[in-house]
Amino acid sequence: MKDLKQCRIEIDEIDQQLMELFEKRMSLSKSVVEYKIANHLEIFQPEREREVIEKNLNRLENENLKEYARCFIQEMMTVSKSYQSDLLPLELDKNIKTEFKKDPLVGYQGIAGAFSQSAVENFFGEGTRNIGYKDFEDVYVALENGEIDYGVLPIENSLTGSINDNYDLIRKYGFYIVGETAVNVSQCLMALPGTKIEDIRQVYSHPQGLAQSSEFLYQHRYIEQRPFQDTAMAAKYVKDSNNPTKAAIASPLACKLYGLEMLKENVQNKKNNRTRFMVISKELICPKESDKVSVIFTLPHQVGALDNMLQTIKQSQINIDRIESRPIETQYWQYYFYIDFEGNMHEERIQRAINKMKANSTTLKVLGNYKRA
């Protein structure tokens with residue numbers, strides 16, 4: 001058995017050699033990033049990284065150290081990518097718009113009286129020109145075709161969570177998030193005038209409206225739940241059906257607009273029910289007072305990839321507001337990751353943080369930089 005003191009002396013000597021080799025390696029990393037910049041190459045090259053790891057593992061004489069060596073090499077390459085990202089030039093486009101179009105036409109999903117229409121007026125102001133569409137994707141198509149200037153769509157509810165369709169659609173169409181607003185949601189039970197709750201046999205609402213009112217509906221299990229495209233559309237359908245056995249769960253505004261009788265207010269499970277809406281645009285707009293950044297990225301399918309990304313964000317002293325994942329349709333068990341974090345892209349530290357995130361991802365796109373609701 002070796003003496004402890006002697007072991008430490010030898011470790012110190014090896015560490016000294018490692019530091020000398022570390023400096024040489026980082027110097028070469030600098031030369032590599034200069035070449036990548038000149039030739040418009042991404043810092044992260046997944047195939048090259050796998051090649052380096054496997055090549056070095058094959059050099060091991062002690063097979064028992066293989067997994068430790070894998071971690072060592074991976075960490076070394078992560079440090080190298082971080083160093084290279086700090087050498088990238090900061091490229092914030094000075095021509096990025098900071099203001100919205102005057103007198104815009106804004107699209108939303110639903111009809112008059114929908115919570116989405118309230119979100120439009122919350123963000124753009126009362127009296128804003130707006131137009132409702134049948135489905136979420138119809139709003140994206142209208143924006144793509146230039147029929148509207150902006151779209152306002154729900155992205156998250158405080159009780160039922162994410163509206164996944166809109167995470168998928170904003171990626172599909174390649175649009176940007178340029179703002180957000182939140183609407184207090186009061187789900188109300190309404191029917192034809194003179195109807196009593198015990199008369200109702202079917203209740204219609206958007207699936208989110210039904211989910212948010214699950215406790216009330218459980219207490220009235222004899223009422224059949226019928227999903228509808230939109231809460232306001234459900235209210236209009238009940239009015240047009242002229243059937244006293246049908247009811248809708250929708251907003252107080254929809255109740256008033258379609259001449260229905262309010263049977264019970266606030267049937268949602270919790271009174272502090274809010275829905276967050278995003279404002280989407282074909283072009284990036286970053287208001288000067290922006291304090292929230294949204295990005296979407298993909299990662300190599302390997303151990304520690306997500307942890308490396310989260311460590312990168314932590315080391316940049318950035319606070320994450322939200323993280324969400326959605327499946328990549330063409331690749332089993334692999335995902336798109338959406339992250340919202342605090343910051344303004346006009347800040348150098350945020351630009352550098354985004355560069356570091358790019359260096360640890362296979363793809364990354366900034367979805368937007370805007371004022372939080």
# chains A, B, ... in the order shown; residues from 1 in each chain; ligands from 1
>>> residues_around(residues="Ile223 (chain A)", least_positions_apart="4", cutoff="12 Å", atoms="only C-alpha atoms", output="VMD selection string")
chain A and resid 197 to 204 210 214 216 to 219 245 to 248
>>> residues_around(residues="Gly209 (chain A)", least_positions_apart="3", cutoff="9 Å", atoms="only C-alpha atoms", output="PyMOL selection string")
chain A and resi 187+204-206+212-214+227+230-231+249-250+268
>>> residues_around(residues="Lys365 (chain A)", least_positions_apart="3", cutoff="7 Å", atoms="only C-alpha atoms", output="PyMOL selection string")
chain A and resi 295-297
>>> write_last_selection(atoms="N, CA, C and O atoms", output="mmCIF file, in the first residue's frame")
data_model
loop_
_atom_site.group_PDB
_atom_site.id
_atom_site.type_symbol
_atom_site.label_atom_id
_atom_site.label_comp_id
_atom_site.auth_asym_id
_atom_site.auth_seq_id
_atom_site.Cartn_x
_atom_site.Cartn_y
_atom_site.Cartn_z
ATOM 1 N N VAL A 295 -37.257 30.282 -25.779
ATOM 2 C CA VAL A 295 -36.458 29.574 -26.780
ATOM 3 C C VAL A 295 -36.994 28.161 -26.948
ATOM 4 O O VAL A 295 -37.639 27.611 -26.056
ATOM 5 N N ILE A 296 -36.729 27.577 -28.111
ATOM 6 C CA ILE A 296 -37.019 26.168 -28.365
ATOM 7 C C ILE A 296 -35.719 25.519 -28.836
ATOM 8 O O ILE A 296 -34.985 26.110 -29.630
ATOM 9 N N PHE A 297 -35.432 24.322 -28.336
ATOM 10 C CA PHE A 297 -34.180 23.668 -28.741
ATOM 11 C C PHE A 297 -34.344 22.158 -28.730
ATOM 12 O O PHE A 297 -35.289 21.607 -28.141
#
>>> closest_residue(among="A:Gln45, A:Thr195, A:Ser85, A:Asn243", to="Val33 (chain A)", atoms="only C-alpha atoms")
A:Ser85
>>> residues_around(residues="Ser325 (chain A)", least_positions_apart="6", cutoff="8 Å", atoms="only C-alpha atoms", output="list in words")
Tyr335, Tyr336, Phe337 and Tyr338 of chain A
>>> residues_around(residues="Asp138 (chain A)", least_positions_apart="2", cutoff="12 Å", atoms="only C-alpha atoms", output="JSON list (two decimals) with N, CA and C atoms, in the first residue's frame")
[["chain", "number", "residue", "atom", "x", "y", "z"],
["A", 107, "GLY", "N", -56.20, 38.23, -34.87],
["A", 107, "GLY", "CA", -56.99, 37.01, -34.92],
["A", 107, "GLY", "C", -56.95, 36.24, -33.61],
["A", 108, "TYR", "N", -58.03, 35.53, -33.34],
["A", 108, "TYR", "CA", -58.09, 34.67, -32.16],
["A", 108, "TYR", "C", -58.97, 33.47, -32.48],
["A", 109, "GLN", "N", -58.92, 32.44, -31.64],
["A", 109, "GLN", "CA", -59.75, 31.26, -31.86],
["A", 109, "GLN", "C", -61.06, 31.42, -31.09],
["A", 110, "GLY", "N", -62.18, 31.28, -31.81],
["A", 110, "GLY", "CA", -63.48, 31.39, -31.16],
["A", 110, "GLY", "C", -64.36, 32.41, -31.86],
["A", 131, "ILE", "N", -60.83, 39.42, -35.26],
["A", 131, "ILE", "CA", -61.60, 38.45, -36.03],
["A", 131, "ILE", "C", -61.39, 37.06, -35.44],
["A", 132, "GLY", "N", -62.49, 36.32, -35.25],
["A", 132, "GLY", "CA", -62.41, 35.00, -34.68],
["A", 132, "GLY", "C", -62.33, 33.91, -35.74],
["A", 133, "TYR", "N", -61.64, 32.81, -35.39],
["A", 133, "TYR", "CA", -61.49, 31.68, -36.29],
["A", 133, "TYR", "C", -61.93, 30.41, -35.58],
["A", 134, "LYS", "N", -62.31, 29.41, -36.38],
["A", 134, "LYS", "CA", -62.87, 28.18, -35.83],
["A", 134, "LYS", "C", -61.87, 27.41, -34.98],
["A", 135, "ASP", "N", -60.68, 27.20, -35.50],
["A", 135, "ASP", "CA", -59.67, 26.38, -34.82],
["A", 135, "ASP", "C", -58.40, 27.18, -34.57],
["A", 136, "PHE", "N", -57.57, 26.67, -33.64],
["A", 136, "PHE", "CA", -56.28, 27.31, -33.38],
["A", 136, "PHE", "C", -55.48, 27.47, -34.66],
["A", 140, "TYR", "N", -53.17, 30.61, -37.27],
["A", 140, "TYR", "CA", -51.81, 30.54, -37.83],
["A", 140, "TYR", "C", -51.85, 30.67, -39.35],
["A", 141, "VAL", "N", -52.80, 30.00, -39.98],
["A", 141, "VAL", "CA", -52.93, 30.07, -41.44],
["A", 141, "VAL", "C", -53.25, 31.50, -41.87],
["A", 142, "ALA", "N", -54.14, 32.16, -41.13],
["A", 142, "ALA", "CA", -54.50, 33.54, -41.46],
["A", 142, "ALA", "C", -53.29, 34.47, -41.34],
["A", 143, "LEU", "N", -52.48, 34.25, -40.31],
["A", 143, "LEU", "CA", -51.27, 35.06, -40.13],
["A", 143, "LEU", "C", -50.28, 34.77, -41.25],
["A", 144, "GLU", "N", -50.13, 33.50, -41.59],
["A", 144, "GLU", "CA", -49.22, 33.11, -42.67],
["A", 144, "GLU", "C", -49.62, 33.76, -44.00],
["A", 145, "ASN", "N", -50.93, 33.87, -44.23],
["A", 145, "ASN", "CA", -51.44, 34.41, -45.50],
["A", 145, "ASN", "C", -51.58, 35.92, -45.49],
["A", 147, "GLU", "N", -53.65, 37.72, -43.67],
["A", 147, "GLU", "CA", -55.02, 38.17, -43.44],
["A", 147, "GLU", "C", -55.13, 38.97, -42.14],
["A", 148, "ILE", "N", -54.24, 38.69, -41.20],
["A", 148, "ILE", "CA", -54.21, 39.39, -39.92],
["A", 148, "ILE", "C", -52.78, 39.83, -39.64],
["A", 151, "GLY", "N", -51.74, 37.26, -33.94],
["A", 151, "GLY", "CA", -52.67, 36.30, -33.38],
["A", 151, "GLY", "C", -52.54, 36.27, -31.88],
["A", 152, "VAL", "N", -53.62, 35.97, -31.18],
["A", 152, "VAL", "CA", -53.60, 35.83, -29.72],
["A", 152, "VAL", "C", -54.18, 34.46, -29.40],
["A", 153, "LEU", "N", -53.38, 33.62, -28.73],
["A", 153, "LEU", "CA", -53.76, 32.23, -28.50],
["A", 153, "LEU", "C", -53.39, 31.78, -27.09],
["A", 166, "ASN", "N", -50.79, 24.64, -29.13],
["A", 166, "ASN", "CA", -50.15, 25.89, -29.53],
["A", 166, "ASN", "C", -48.64, 25.86, -29.40],
["A", 169, "LEU", "N", -47.90, 24.21, -32.75],
["A", 169, "LEU", "CA", -48.21, 25.03, -33.94],
["A", 169, "LEU", "C", -47.23, 26.19, -34.12],
["A", 173, "TYR", "N", -45.15, 26.57, -37.70],
["A", 173, "TYR", "CA", -45.24, 27.71, -38.61],
["A", 173, "TYR", "C", -44.05, 28.66, -38.50]]
>>> residues_around(residues="Asn184 (chain A)", least_positions_apart="4", cutoff="10 Å", atoms="only C-alpha atoms", output="ChimeraX atom specification")
/A:115,118-119,157-158,271-276
>>> closest_residue(among="A:Gln311, A:Gln331, A:Gln208, A:Asn130", to="Ile163 (chain A)", atoms="only C-alpha atoms")
A:Gln208
>>> atom_distance(atom1="CA of Phe228 (chain A)", atom2="CA of Val183 (chain A)")
20.3 Å
>>> closest_residue(among="A:Leu41, A:Ala182, A:Ile339, A:Met345", to="Gln117 (chain A)", atoms="only C-alpha atoms")
A:Ala182
>>> residues_around(residues="region 255-263 of chain A", least_positions_apart="5", cutoff="8 Å", atoms="only C-alpha atoms", output="MDAnalysis selection string")
chainID A and resid 112:113 188:197 235:236 239 250
>>> atom_distance(atom1="CA of Glu99 (chain A)", atom2="CA of Leu284 (chain A)")
10.2 Å
